[in-house]
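Participant: One structure follows; several queries about it will come next.
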Amino acid sequence: MAASEIPKAYDPKLVEDKWYADWLAKGHFTANPQSSKPPYSIVIPPPNVTGVLTMGHVLNNTLQDILARRKRMQGYEVLWLPGTDHAGIATQTVVEKTLRKQGVIKHRDDLGREKFLEKVWEWKEKHGGIIIQQLKKLGCSCDWTRERFTMDAGYSEAVLRTFVDLYMKGYIYRGKRMVNWDPTGRTALSDEEVIMTETQGHLWHIRYADEIIVATTRPETMLGDEAVAVHPDDTRYRHLVGKKITLPLRNKQIPVIADAAVDPKFGTGCVKVTPAHDVADYEMALRHKLPFTVVIGPDGIMTAEAGEDFEDLDRLECREAVVEALTQAGLLVKVEDYTHNVGYSERTNVPIEPYLSEQWFLRYPQVPRSTDTVDSGEIKFYPERWQKTYTHWMKNIRDWCISRQLWWGHRIPVWYCIGDDACRLECKQPIVSTETPTVCPHCGSKNVRQDEDVLDTWFSSWLWPFATMDDATRKKFYPTTDLVTGPDIIFFWVARMIMAGYEYTNEKPFANVYFTGIIRDAQGRKMSKSLGNSPDPLDLVSRYGADGLRFGLMLIAPQGQDILFDEKRCEVGRNFMNKLWNAARFIQMQKPGRTDYNAHDLKILFEMNDAITKVSAALHDYRFNEAAKELYDFVWGDFCDWYIEASKVAPNVAVLNDVFNVILRLLHPFAPFITEELWRGDGTIQFAPWPVTREVPGATAALATQVDELYELISAGRQLRNDYGIEPKQPLTFAIKPTADEDFFRSELASLKMFLNAADVALDRNYQPAGLAPSLVTKAATIFMVGAVDVEQERQRLTKQLADINKQLAVTEAKLANANFVQRAAPIAVERERDKLATLREQSENIQALLVKLV
RNA sequence: GGGCGGUUAGCUCAGUUGGCUAGAGCGCUUCCUUGACAUGGAAGAGGUCACAGGUUCAAGUCCUGUACCGCCCACCA
């Protein structure tokens with residue numbers, strides 16, 4: 001195609017979908033377990049099946065795609081295994097809310113379990129594919145032939161098998177415990193699903209008896225009080241221990257008990273004890289054998305036990321009613337403002353209720369081994385500091401409440417014999433089995449009923465690295481290599497996967513874990529739907545291109561730091577892609593020219609090697625932003641600003657193509673679409689080898705320095721032009737007075753003319769301007785602009801330059817005058833200072849000589 | 001209460017194992033639509049590297065402390 005036919009601006013729309021379809025059709029992402037190549041594998045953190053792509057997903061999956069694509073180029077057999085999570089509570093909540101909005105139901109009970117689940121599956125079929133399509137738009141090179149869902153038949157079996165196995169091993173047990181209860185979701189939650197939030201509340205001081213005043217943040221719970229506790233050594237109350245007092249509002253006799261859990265220094269030293277609605281009180285009640293009176297129901301509504309004045313009130317309404325009643329009775333001593341931490345449900349955002357109920361719990365397997373593996377670096381965390389967080393959690397690990405009072409999820413594989421006349425004692429044992437029992441194995445009754453609860457979503461997610469793979473795949477690709485995820489799910493997911501991995505595969509599930517930052521908006525707020533501050537990534541893709549979005553994001557994604565996202569970042573990415581596009585246009589416009597290597601060719605080849613080294617090292621260490629930055633600087637600065645410009649004198653097309661080919665390969669993991677589009681090598685760029693440095697005779701650091709000095713001289717010439725307000729298009733005459741190597745500058749006369757837009761450039765070691773000429777002194781030469789001059793302005797600029805130089809000179813002289821420095825510093829550092837001193841002295845003298853002539 | 005981050009230009013951030021004049025993008029100023037690119041080019045202004053000590057020939061970088069911001073963990077009602 002002729003160059004003129006290539007559009008001036010890069011349009012991702014014409015490129016991206018075309019290539020993605022091509023890659024899919026050719027099966028480039030499909031991992032082959034029979035391959036002889038070394039394996040590289042990542043499993044995707046499965047997004048919620050009904051979710052839509054967020055900026056967090058974009059970040060996370062771009063990183064994974066970069067890793068996967070680079071490994072393909074490095075000759076690995078790559079498996080990036082994708083899929084989605086059923087996300088029990090999140091999905092159920094969304095579907096239920098939607099049905100309610102549509103007026104179909106008021107509560108899921110209106111439909112019943114089966115009908116409701118049908119609706120959820122319908123929803124899943126309809127919306128389940130969206131996020132997958134979005135990942136494809138981003139360019140993610142997942143092996144879609146292996147896409148999994150946590151409620152796929154095979155996967156579900158693995159989940160149930162795990163449950164049964166852990167039950168048989170004694171890790172899973174059922175018990176009546178105090179759990180975190182979400183009254184809106186009407187389900188138990190794990191500790192990790194509770195978010196502690198500092199909340200402005202009150203401390204109500206209530207007179208329970210003449211000598212007893214208690215303080216509480218939750219007056220409504222007093223309706224369920226069964227005691228007042230004091231510290232055993234507290235002499236103020238010792239005489240009351242064992243006595244009974246009357247619980248206000250309930251007219252109930254409750255004892256005064258002594259318990260060491262009471263802090264005598266807090267408040268009055270008296271604590272009300274509500275066994276059924278407070279964790280600490282629950283423990284105390286067990287010790288003192290107090291009854292558990294439930295006054296708040298599972299829906300957050302007060303029960304009949306709360307008394308007829310309060311029954312059927314919402315817990316928060318009841319709080320006001322109790323305070324009112326106490327005030328009327330004159331028992332409210334005082335009210336203080338009080339800031340304390342309140343647990344909120346992560347999902348429904350309502351205050352958690354400690355609630356006594358029958359639940360299933362898991363005592364974690366493989367805890368010591370899983371702790372050590374991260375401590376010892378067998379599994380590596382990036383950034384390393386997350387190790388501490390992980391270890392701390394593992395060392396204080398507590399049993400996991402795994403049952404949820406939901407419908408959407410893996411139903412617990414446990415049946416109970418409801419029994420009939422033939423029932424025996426053994427029938428009270430739950431029947432735990434992966435097979436649905438038709439009769440009770442003990443009494444033969446057909447009246448068996450399955451546990452109503454489902455398992456916590458994470459109880460399926462923790463099997464993800466291996467339960468997603470068939471035997472052949474597992475053999476080749478497990479344990480996986482890298483995991484990329486957010487630190488917010490280090491306990492929910494990462495820690496649990498490690499434990500499950502050891503328990504069920506006897507191997508670590510992954511070798512490295514890269515923790516991303518959290519994406520925030522420009523003001524530093526977490527992105528959320530309710531704030532409306534989360535941009536739609538697909539909208540960004542359509543406006544900036546997937547490559548632009550990806551690259552812009554990578555530039556600002558430092559390891560383990562939160563990311564303040566601003567749409568401007570995408571512009572940077574898009575502009576960069578456009579720059580690349582136009583570099584390609586320039587190259588295609590060139591006719592074959594020189595075949596020798598001039599200084600500019602050697603310089604760019606030297607910088608290219610440097611870029612290959614730096615980008616490779618950065619990616620090896622998961623320093624994605626540094627790799628992106630290096631590429632940006634190399635392409636825009638070294639290649640476009642200098643090398644392409646220099647090529648305008650006389651191009652070496654082979655070098656242009658060579659360097660550009662390397663650029664495309666280095667850039668491909670970041671920007672898969674445009675690099676494929678511009679690729680002129682064999683086949684797809686996806687399997688083109690990752691660039692390695694190669695020695696080019698003459699492409700040395702010394703040569704690079706020499707060319708840098710040339711560029712410095714050019715910048716000085718441009719500065720003169722700018723300072724004197726001479727338009728860029730007006731040709732000028734310059735004179736150059738080199739301090740040393742005249743030959744080099746002589747060989748660069750053509751490029752100097754081109755870069756400076758000079759009609760003529762004179763080169764003379766003994767140059768003396770005829771009249772006055774504006775000049776600047778650089779390391780390798782002094783440059784004069786022949787033509788108009790303003791004596792006063794020239795005096796000022798030279799004086800300023802001299803002051804700068806002399807300042808540095810003074811610092812350098814002082815350093816070298818310091819005997820300690822000369823003796824103790826590294827010889828190379830001293831040498832550097834001596835060189836610098838010589839250069840600065842020469843520059844200083846040159847400027848002084850020029851100033852003398854101005855007078 | 002414990003732990004972990006952060007504090008560098010107007011804004012957002014880079015800055016390897018201490019070592020040349022502390023960098024980038026955006027924003028700002030001046031000039032420029034010259035055949036790769038105005039999603040661009042050239043030049044420029046702008047910083048006591050939060051503060052106080054310490055180690056060192058040398059500190060943005062290492063150590064100690066302080067202040068402020070943010071996050072995580074923790075059953076004082």
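Numbering starts fresh at 1 for the residues of each chain in the structure tokens, the chains themselves are lettered A, B, ... in the order given, and ligands are numbered from 1 as they appear.
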Check every residue of chain A for an atom within 7 Å of chain B, counting only C-alpha atoms (C1' of nucleotides), and provide those that qualify as a ChimeraX atom specification.

Facilitator: /A:215-216,263,266,271,279-280,574-575,578-579,582-583,585-586,719,722,727-729,820-821,824-825,829

Participant: Name the residues in contact with region 60-68 of chain B at a cut-off of 10 Å, using only C-alpha atoms (C1' of nucleotides), excluding same-chain residues fewer than 4 positions from it; report them as a PyMOL selection string.

Facilitator: chain B and resi 7-8+15+18+22+49-56

Participant: DSSP on the backbone, strand (DSSP E) only: what residues of region 360-410 of chain A does that give? Format it as a VMD selection string.

Facilitator: chain A and resid 360 to 362 380 to 382 400 to 401 403 to 404

Participant: Let's have the selection written as an mmCIF file, in the first residue's frame, with N, CA and C atoms.

Facilitator:
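To be explicit, this is the file written out as result_36.cif:
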```
data_model
loop_
_atom_site.group_PDB
_atom_site.id
_atom_site.type_symbol
_atom_site.label_atom_id
_atom_site.label_comp_id
_atom_site.auth_asym_id
_atom_site.auth_seq_id
_atom_site.Cartn_x
_atom_site.Cartn_y
_atom_site.Cartn_z
ATOM 1 N N TRP A 360 -22.764 -24.220 59.845
ATOM 2 C CA TRP A 360 -21.641 -25.101 59.556
ATOM 3 C C TRP A 360 -20.339 -24.306 59.614
ATOM 4 N N PHE A 361 -19.351 -24.942 60.226
ATOM 5 C CA PHE A 361 -18.063 -24.263 60.363
ATOM 6 C C PHE A 361 -16.942 -25.135 59.832
ATOM 7 N N LEU A 362 -15.887 -24.459 59.414
ATOM 8 C CA LEU A 362 -14.703 -25.176 58.952
ATOM 9 C C LEU A 362 -13.501 -24.778 59.801
ATOM 10 N N LYS A 380 5.856 -16.534 46.497
ATOM 11 C CA LYS A 380 6.357 -15.165 46.625
ATOM 12 C C LYS A 380 5.240 -14.152 46.445
ATOM 13 N N PHE A 381 5.245 -13.173 47.301
ATOM 14 C CA PHE A 381 4.283 -12.081 47.188
ATOM 15 C C PHE A 381 4.985 -10.856 46.617
ATOM 16 N N TYR A 382 4.312 -10.190 45.714
ATOM 17 C CA TYR A 382 4.780 -8.915 45.181
ATOM 18 C C TYR A 382 3.672 -7.899 45.383
ATOM 19 N N TRP A 400 -14.153 -20.886 60.083
ATOM 20 C CA TRP A 400 -14.864 -20.189 58.993
ATOM 21 C C TRP A 400 -16.321 -20.660 58.971
ATOM 22 N N CYS A 401 -17.215 -19.711 59.126
ATOM 23 C CA CYS A 401 -18.637 -20.045 59.002
ATOM 24 C C CYS A 401 -18.946 -20.164 57.506
ATOM 25 N N SER A 403 -21.747 -21.787 56.050
ATOM 26 C CA SER A 403 -23.134 -21.925 55.592
ATOM 27 C C SER A 403 -23.775 -20.558 55.427
ATOM 28 N N ARG A 404 -24.621 -20.482 54.433
ATOM 29 C CA ARG A 404 -25.332 -19.233 54.138
ATOM 30 C C ARG A 404 -26.807 -19.558 53.969
#
```

Participant: Pull the alpha helix (DSSP H) assignments for region 236-372 of chain A out of DSSP run on the backbone, and list those residues as a PDB file with N, CA and C atoms, in the first residue's frame.

Facilitator:
```pdb
ATOM      1  N   VAL A 279     -21.441 -10.836  71.418  1.00  0.00           N
ATOM      2  CA  VAL A 279     -20.475 -11.928  71.417  1.00  0.00           C
ATOM      3  C   VAL A 279     -19.831 -12.114  72.794  1.00  0.00           C
ATOM      4  N   ALA A 280     -19.382 -11.013  73.376  1.00  0.00           N
ATOM      5  CA  ALA A 280     -18.726 -11.115  74.684  1.00  0.00           C
ATOM      6  C   ALA A 280     -19.717 -11.615  75.729  1.00  0.00           C
ATOM      7  N   ASP A 281     -20.932 -11.103  75.652  1.00  0.00           N
ATOM      8  CA  ASP A 281     -21.960 -11.510  76.616  1.00  0.00           C
ATOM      9  C   ASP A 281     -22.312 -12.984  76.458  1.00  0.00           C
ATOM     10  N   TYR A 282     -22.261 -13.430  75.223  1.00  0.00           N
ATOM     11  CA  TYR A 282     -22.543 -14.836  74.938  1.00  0.00           C
ATOM     12  C   TYR A 282     -21.539 -15.727  75.665  1.00  0.00           C
ATOM     13  N   GLU A 283     -20.272 -15.354  75.560  1.00  0.00           N
ATOM     14  CA  GLU A 283     -19.226 -16.119  76.235  1.00  0.00           C
ATOM     15  C   GLU A 283     -19.456 -16.127  77.741  1.00  0.00           C
ATOM     16  N   MET A 284     -19.799 -14.959  78.232  1.00  0.00           N
ATOM     17  CA  MET A 284     -20.028 -14.832  79.665  1.00  0.00           C
ATOM     18  C   MET A 284     -21.206 -15.698  80.096  1.00  0.00           C
ATOM     19  N   ALA A 285     -22.234 -15.689  79.295  1.00  0.00           N
ATOM     20  CA  ALA A 285     -23.433 -16.462  79.620  1.00  0.00           C
ATOM     21  C   ALA A 285     -23.123 -17.952  79.669  1.00  0.00           C
ATOM     22  N   LEU A 286     -22.228 -18.395  78.774  1.00  0.00           N
ATOM     23  CA  LEU A 286     -21.845 -19.801  78.797  1.00  0.00           C
ATOM     24  C   LEU A 286     -21.158 -20.127  80.118  1.00  0.00           C
ATOM     25  N   ARG A 287     -20.306 -19.215  80.544  1.00  0.00           N
ATOM     26  CA  ARG A 287     -19.575 -19.454  81.796  1.00  0.00           C
ATOM     27  C   ARG A 287     -20.506 -19.475  83.004  1.00  0.00           C
ATOM     28  N   HIS A 288     -21.561 -18.687  82.923  1.00  0.00           N
ATOM     29  CA  HIS A 288     -22.440 -18.570  84.096  1.00  0.00           C
ATOM     30  C   HIS A 288     -23.776 -19.282  83.899  1.00  0.00           C
ATOM     31  N   ARG A 315     -35.314  -3.023  64.856  1.00  0.00           N
ATOM     32  CA  ARG A 315     -34.356  -2.872  65.956  1.00  0.00           C
ATOM     33  C   ARG A 315     -33.966  -1.416  66.216  1.00  0.00           C
ATOM     34  N   LEU A 316     -33.910  -0.624  65.155  1.00  0.00           N
ATOM     35  CA  LEU A 316     -33.513   0.774  65.348  1.00  0.00           C
ATOM     36  C   LEU A 316     -34.662   1.624  65.887  1.00  0.00           C
ATOM     37  N   GLU A 317     -35.886   1.298  65.435  1.00  0.00           N
ATOM     38  CA  GLU A 317     -37.056   1.976  66.015  1.00  0.00           C
ATOM     39  C   GLU A 317     -37.161   1.626  67.484  1.00  0.00           C
ATOM     40  N   CYS A 318     -36.878   0.364  67.762  1.00  0.00           N
ATOM     41  CA  CYS A 318     -36.997  -0.108  69.133  1.00  0.00           C
ATOM     42  C   CYS A 318     -36.015   0.628  70.029  1.00  0.00           C
ATOM     43  N   ARG A 319     -34.829   0.926  69.485  1.00  0.00           N
ATOM     44  CA  ARG A 319     -33.841   1.661  70.291  1.00  0.00           C
ATOM     45  C   ARG A 319     -34.447   2.966  70.778  1.00  0.00           C
ATOM     46  N   GLU A 320     -35.094   3.698  69.866  1.00  0.00           N
ATOM     47  CA  GLU A 320     -35.702   4.970  70.237  1.00  0.00           C
ATOM     48  C   GLU A 320     -36.816   4.757  71.270  1.00  0.00           C
ATOM     49  N   ALA A 321     -37.596   3.702  71.041  1.00  0.00           N
ATOM     50  CA  ALA A 321     -38.713   3.431  71.947  1.00  0.00           C
ATOM     51  C   ALA A 321     -38.214   3.100  73.348  1.00  0.00           C
ATOM     52  N   VAL A 322     -37.150   2.337  73.429  1.00  0.00           N
ATOM     53  CA  VAL A 322     -36.601   1.971  74.727  1.00  0.00           C
ATOM     54  C   VAL A 322     -36.060   3.215  75.428  1.00  0.00           C
ATOM     55  N   VAL A 323     -35.352   4.041  74.691  1.00  0.00           N
ATOM     56  CA  VAL A 323     -34.803   5.267  75.285  1.00  0.00           C
ATOM     57  C   VAL A 323     -35.942   6.139  75.801  1.00  0.00           C
ATOM     58  N   GLU A 324     -36.989   6.223  74.991  1.00  0.00           N
ATOM     59  CA  GLU A 324     -38.149   7.023  75.384  1.00  0.00           C
ATOM     60  C   GLU A 324     -38.765   6.483  76.678  1.00  0.00           C
ATOM     61  N   ALA A 325     -38.938   5.166  76.725  1.00  0.00           N
ATOM     62  CA  ALA A 325     -39.548   4.529  77.890  1.00  0.00           C
ATOM     63  C   ALA A 325     -38.689   4.732  79.127  1.00  0.00           C
ATOM     64  N   LEU A 326     -37.378   4.627  78.945  1.00  0.00           N
ATOM     65  CA  LEU A 326     -36.466   4.812  80.075  1.00  0.00           C
ATOM     66  C   LEU A 326     -36.508   6.257  80.581  1.00  0.00           C
ATOM     67  N   THR A 327     -36.594   7.181  79.639  1.00  0.00           N
ATOM     68  CA  THR A 327     -36.668   8.596  80.010  1.00  0.00           C
ATOM     69  C   THR A 327     -37.916   8.852  80.848  1.00  0.00           C
ATOM     70  N   GLN A 328     -39.024   8.296  80.359  1.00  0.00           N
ATOM     71  CA  GLN A 328     -40.287   8.464  81.078  1.00  0.00           C
ATOM     72  C   GLN A 328     -40.209   7.904  82.488  1.00  0.00           C
ATOM     73  N   VAL A 367      -2.874 -25.320  57.972  1.00  0.00           N
ATOM     74  CA  VAL A 367      -2.531 -23.961  58.392  1.00  0.00           C
ATOM     75  C   VAL A 367      -1.017 -23.756  58.566  1.00  0.00           C
ATOM     76  N   PRO A 368      -0.324 -24.624  59.297  1.00  0.00           N
ATOM     77  CA  PRO A 368       1.119 -24.371  59.471  1.00  0.00           C
ATOM     78  C   PRO A 368       1.876 -24.369  58.149  1.00  0.00           C
ATOM     79  N   ARG A 369       1.585 -25.338  57.309  1.00  0.00           N
ATOM     80  CA  ARG A 369       2.290 -25.425  56.040  1.00  0.00           C
ATOM     81  C   ARG A 369       2.017 -24.196  55.169  1.00  0.00           C
ATOM     82  N   SER A 370       0.766 -23.773  55.168  1.00  0.00           N
ATOM     83  CA  SER A 370       0.398 -22.623  54.347  1.00  0.00           C
ATOM     84  C   SER A 370       1.006 -21.331  54.886  1.00  0.00           C
ATOM     85  N   THR A 371       1.223 -21.280  56.184  1.00  0.00           N
ATOM     86  CA  THR A 371       1.872 -20.104  56.764  1.00  0.00           C
ATOM     87  C   THR A 371       3.346 -20.089  56.376  1.00  0.00           C
ATOM     88  N   ASP A 372       3.982 -21.241  56.548  1.00  0.00           N
ATOM     89  CA  ASP A 372       5.422 -21.325  56.262  1.00  0.00           C
ATOM     90  C   ASP A 372       5.742 -21.055  54.803  1.00  0.00           C
TER      91      ASP A 372
END
```

Participant: Leaving out region 196-213 of chain A and any residue of its chain fewer than 5 positions from it, which residues lie within 6 Å of it when counting only C-alpha atoms (C1' of nucleotides), given as a list in words?

Facilitator: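 In the requested form, the answer reads Leu331, Leu332, Val333, Lys334, Val335, Glu336, Asp337, Tyr338, Thr339, His340, Asn341, Val342 and Gly343 of chain A.
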